[in-house]
Amino acid sequence: MKKRYSVIVFVILVLMFIVSACNFESSDSDEKRSKKYFYEIDVFLDTDNKLLECEMSVDYINKFGKSKNYIDFDLYPNAFSRDSFYKAVSFRNIDSIYPKGISYGSIKINSVKNQGDNMFYELVDFDSVLRVYPKEEIKSGEVFNAEINFTVLFPCAFHRLGFYDDCFNAGNFYPSVCQENEDGFVHGNYHITGDPFDTDFADYEVYINLPQNYLVAHSGTAEGETIIGNRKTVFIKGSDIKDFAFTASQNYKKISGETSSGTVVNYYYLNENYSETVLDTVLKGYEFFNGTFCDTQKKKFDIAQTYLFSGGMEYSEMVMLSTDIFTDEYLSERIALHETAHQWWYYLLGSNQKFSPWIDEGLAEFSVYYYFLNNDKVKSEIFTDEMKSNIEYFENRFGNETDLKPMEDIYYFTGDNAEIVYSASVYSSSFFFFYNLYCDNKETFIESLREICNDFKYKAVTQSEFISYIKQLKNYKKYYQKLSA
Ligand SMILES: [Zn+2]
């Protein structure tokens, strides 16, 4: 008995040691956490008037050495306004984006407060940025809270922000703190090609109030739901997410599954073609990427069909898929896998979508290829043929392969043919860079991706940091020269 007792004491001591070690760890992570912004957003979806009425509280942290006299927030919805300077829609795409003729969206700032007191604010950079002035400058390391009341008007549009047929897309709908460097804030500046978003990892608590018969797909994880009358409020928490987005529709049907590592995948669909196949492929793909690159350790991933002019759009813990892609099995799977792969390339590994889109788009395409190679060889060949024909199409119309500019930022691609040149450059040409590296290095290439994923999990990564993980691979220089030519 006594011996046993001493064993119990020993176990307790060991446990105490482990607990105290954990405390050290959690105080470390608390410190890290204290360097993240925190957004709390109350959203009321007015389906009759196509509006979001929102109250947002944001804890901004001055992460830089210099004191700040103001905070800048990107106002992406204003890219959809009549007089926008940084436009979301190119002239060429007007017909395919606006199903009922040109329609405008916007964001209106109703008030900005700090601890209940009104603050001075103005819209700058052609109304694309909200500039908020605190009474006293915000010193390095200080946290400043701003309460922003705003209204978002949805355009009738097949876009990241838009509505059509009782389906609402709320991508980049709220004022988000602009990216910063030592020189100050870097404005988001919407653009017609690429994904013009670069936001910091942050924590979110979001309450979405919407009609009870609507289903909502969203970033983060739903923690609860309350119903009052014919409306409901869904409470959502998201930690370490780059952006919060949602889609909502009264026409959604939902099917779900779970990966072996416990991530629930929900598929919200309008077009029922290949719905079981898409869910099954995304479940398998998520599991495959988790095993191949690194475990996201996320509880949930939502795939939401919606009315979108491009094939899909990635956000943290959710993606949008266009209802138009479900014309054949290959296309449905291929686009669903591409958007799913962005959970690693863009979200988990926070590369810059605006200035180095070749990293996340090229790797998302490579991931689709690699999934098919390991699961369905015929489709992996169809995929490489698709990439080759993209480049051939470009060459036949515009010039030769050296005119492809995969390493340019998204703003380089302008004019009538912006999307075609962007797609051949940033998707297909970058794909071949990664594909060639893989063919010459096989497992060491995959190992390099695994390493960078683990080292930069839910952290921003620069282009040069990314390159430092692959530049030792065989024939890297040869392929890089072609990429950067
Ligand atoms: Zn993509």
# chains A, B, ... in the order shown; residues from 1 in each chain; ligands from 1
$ select_by_dssp --residues "region 185-354 of chain A" --states "helix (DSSP H, G or I)" --output "number ranges by chain"
A: 275-292, 323-325, 329-341
$ residues_near_ligand --ligand "ligand 1" --cutoff "10 Å" --atoms "only C-alpha atoms and all ligand atoms" --output "PyMOL selection string"
chain A and resi 194-195+311-314+335+337-342+345-346+353+357-358+360-365+423+426-427
$ residues_around --residues "Glu392 (chain A)" --least-positions-apart "3" --cutoff "12 Å" --atoms "only C-alpha atoms" --output "PyMOL selection string"
chain A and resi 385-389+395-401+404+420-421+424-425+428-429
$ residues_around --residues "Glu122 (chain A)" --least-positions-apart "2" --cutoff "9 Å" --atoms "only C-alpha atoms" --output "ChimeraX atom specification"
/A:120,124,127,129-133
$ residues_around --residues "Tyr286 (chain A)" --least-positions-apart "4" --cutoff "9 Å" --atoms "only C-alpha atoms" --output "ChimeraX atom specification"
/A:259,263,265,281-282,290-291,337,340-341,343
$ residues_around --residues "Ser351 (chain A)" --least-positions-apart "2" --cutoff "9 Å" --atoms "only C-alpha atoms" --output "list in words"
Asp198, Trp345, Tyr346, Tyr347, Leu348, Leu349, Gln353, Phe355, Ser356, Pro357, Ile359, Asp360, Lys459, Ala460, Val461, Thr462, Gln463 and Phe466 of chain A
$ write_last_selection --atoms "C-alpha atoms" --output "PDB file, in the first residue's frame"
ATOM      1  CA  ASP A 198      -3.080  40.520 -47.728  1.00  0.00           C
ATOM      2  CA  TRP A 345      -0.940  27.571 -49.702  1.00  0.00           C
ATOM      3  CA  TYR A 346      -2.181  31.024 -48.755  1.00  0.00           C
ATOM      4  CA  TYR A 347      -3.814  30.265 -45.430  1.00  0.00           C
ATOM      5  CA  LEU A 348      -1.591  27.917 -43.364  1.00  0.00           C
ATOM      6  CA  LEU A 349       1.547  29.199 -45.122  1.00  0.00           C
ATOM      7  CA  GLN A 353      -1.235  36.812 -52.654  1.00  0.00           C
ATOM      8  CA  PHE A 355       3.008  40.426 -54.563  1.00  0.00           C
ATOM      9  CA  SER A 356       3.956  36.731 -54.920  1.00  0.00           C
ATOM     10  CA  PRO A 357       0.835  35.016 -56.263  1.00  0.00           C
ATOM     11  CA  ILE A 359       3.676  30.761 -54.708  1.00  0.00           C
ATOM     12  CA  ASP A 360       0.122  30.031 -53.586  1.00  0.00           C
ATOM     13  CA  LYS A 459       2.505  32.747 -40.111  1.00  0.00           C
ATOM     14  CA  ALA A 460       3.313  35.166 -42.905  1.00  0.00           C
ATOM     15  CA  VAL A 461       6.164  34.039 -45.135  1.00  0.00           C
ATOM     16  CA  THR A 462       8.144  36.249 -47.520  1.00  0.00           C
ATOM     17  CA  GLN A 463       9.157  35.210 -51.017  1.00  0.00           C
ATOM     18  CA  PHE A 466      10.034  30.574 -49.173  1.00  0.00           C
TER      19      PHE A 466
END
